[in-house]
Amino acid sequence: MYQQRQQQQRRQPLQPNEDDTQDQQRKQKHLVDPGTSMGRYMINRSLGITKQPLGQMRPQISFHTHLGPVGSYAADSYIDLPTRFVHLAMNKSRHAIHALKWTPDARRVLVTSHSGEFTLWNGLAFNFESIMQAHDGAIYAINYSHSGDWLISGDQMGTIKFWQPNFNNVNILPGSHEDSVQDLVFSPNDSKFVSCSDDNTLKIWNFNTATEERVLKGHHWDVKSCDWHDELGLIVSGSKDNLIKLWDPRKGESVATIHDFKHTITECKFNNTANGSKRMLAAGSRDHSARVFDLRTMKSVYNLRRSSETDASSLLWNPVNSNIISVGGYDGSLCTYSLDRHISEEWSQSLQNTSGLVAMSKSAISMAPTHEMPYAHEKAIHAMGYHPLGNLLCTTGADRTVRFWGRSKPGDPTAFKESCYTGESHNWHQDNHNGNGDRFNGDSNQNRVPGLSLGANGGLPGLGSIPGLSS
């Protein structure tokens, strides 16, 4: 009897609960593509198929398994754009986040908070892993060495600390700067690193001896960002004095100055992508603009426009596809540009005549974003970090959250229905908080007294507006 009952239960199909089915329909699983395509390549290789046909992508979800790694579709860079929301993470003790970096093993994301804490998030499962008190003040800059053996961090009190990958603090440089440290970058061989600060200076340090070698002076206000080129032996810095300066690290002298901006330079980064020309420099400013410069001519070649008149708070090049650059705004918007896919109207018109082509070659090309998420964050985006494979983008900022973005599935009907496009969560946050910061549910009928109909002005007819009875 017992065996017969077991056989009957196996034959009967499971009847799911209606509530569970509805919950599964509401919740869309957010998946990433770290190994699907590579798994297909490995299977073909084990079967003796040496030629790996790339093929063309089709707008169907079934082609998701054929999606190649970032950089596979050189002629179609838009396939590599981070257009889909994946996950949102936040700490219980919520503080503004100023910097983030992917760990050398590319499995975790390290973020720093205004309270001086290191928080480690899993970059594949997106769950919380650990938290520790690293500095006594806000941490504005962190960076790993190219070898992945060391980590350096700088805080608002001008202190720089050396860490091992297991977060063992091995050295402290108190008073490295007279003001807060804004950025830290290693040299290509990891023997030196450069730091910039709000004390108007940059400093080059010997990492092995932890001693100061040179002080780069030339800016007249806070230095907000810096970067070290992998091949050309150049250091770039952006300051609150609206200037971008290029430095020779061997002599400690400024070799060039760019005057194209009218407000504070918030970020400046070399294009150090391995398969790129490595001759591009991108910079964002608080004058509502971001530009891409050619280091060979020292002129602006692209003017990255935005649909909203907002300042550029951060920017980052894709580490695999050298034509993709992402720009974050102070309003929480996230714009991504594909430099090889866009042809502006002015440029297309100039192609019709030679004189117009010459005129356009002397000025920067005005480029609209290839993709834009107007509600990526609720507040300013302070830092961004691409996964070393280029398929994941991590952003964070003043709204005290860490958000992950990935490539969309081909033909996904829900790809553009997230709140980062519709603004539902953003509007809820704005509409459900009054001026005093108190929250209410937004229902206009919640303050009305049952049985009393209010007039057109929100009060009782003939009695005017009475406190507590108005809508």
# chains A, B, ... in the order shown; residues from 1 in each chain; ligands from 1
$ closest_atom_pairs --of "region 36-151 of chain A" --to "region 380-387 of chain A" --cutoff "12 Å" --atoms "only C-alpha atoms" --output "Markdown table"
| residue | atom | partner | partner_atom | distance |
| --- | --- | --- | --- | --- |
| A:Val70 | CA | A:His387 | CA | 10.7 |
| A:Asp80 | CA | A:Tyr386 | CA | 11.9 |
| A:Leu81 | CA | A:Tyr386 | CA | 11.3 |
| A:Pro82 | CA | A:Tyr386 | CA | 9.7 |
| A:Ala96 | CA | A:His382 | CA | 9.0 |
| A:Ile97 | CA | A:His382 | CA | 7.2 |
| A:His98 | CA | A:His382 | CA | 5.5 |
| A:Ala99 | CA | A:Ala383 | CA | 5.3 |
| A:Leu100 | CA | A:Ala383 | CA | 6.3 |
| A:Lys101 | CA | A:Gly385 | CA | 6.0 |
| A:Trp102 | CA | A:His387 | CA | 6.7 |
| A:Thr103 | CA | A:His387 | CA | 9.4 |
| A:Pro104 | CA | A:His387 | CA | 10.2 |
| A:Asp105 | CA | A:His387 | CA | 10.3 |
| A:Ala106 | CA | A:His387 | CA | 6.7 |
| A:Arg107 | CA | A:His387 | CA | 8.9 |
| A:Arg108 | CA | A:His387 | CA | 9.5 |
| A:Val109 | CA | A:Gly385 | CA | 8.7 |
| A:Leu110 | CA | A:Gly385 | CA | 10.0 |
| A:Val111 | CA | A:Ala383 | CA | 9.3 |
| A:Thr112 | CA | A:Ala383 | CA | 10.2 |
| A:Ser113 | CA | A:His382 | CA | 11.2 |
| A:His114 | CA | A:His382 | CA | 11.8 |
| A:Gly123 | CA | A:His387 | CA | 8.7 |
| A:Leu124 | CA | A:His387 | CA | 10.5 |
| A:Tyr140 | CA | A:His382 | CA | 9.7 |
| A:Ala141 | CA | A:Ala383 | CA | 9.9 |
| A:Ile142 | CA | A:Ala383 | CA | 10.9 |
| A:Asn143 | CA | A:Gly385 | CA | 11.2 |
$ residues_around --residues "Ile265 (chain A)" --least-positions-apart "5" --cutoff "12 Å" --atoms "only C-alpha atoms" --output "ChimeraX atom specification"
/A:219,221-226,236-245,258-260,282-291,311-315
$ select_by_dssp --residues "region 22-234 of chain A" --states "strand (DSSP E or B)" --output "ChimeraX atom specification"
/A:82-89,97-102,108-113,117-122,128-133,139-144,151-155,160-163,169-173,181-186,192-197,201-206,211-217,223-228
$ closest_residue --among "A:Leu67, A:Met280, A:Leu295, A:Leu392" --to "Ser322 (chain A)" --atoms "only C-alpha atoms"
A:Met280
$ closest_residue --among "A:Ala376, A:Leu246, A:Ala89, A:Met42" --to "Gly332 (chain A)" --atoms "only C-alpha atoms"
A:Ala376
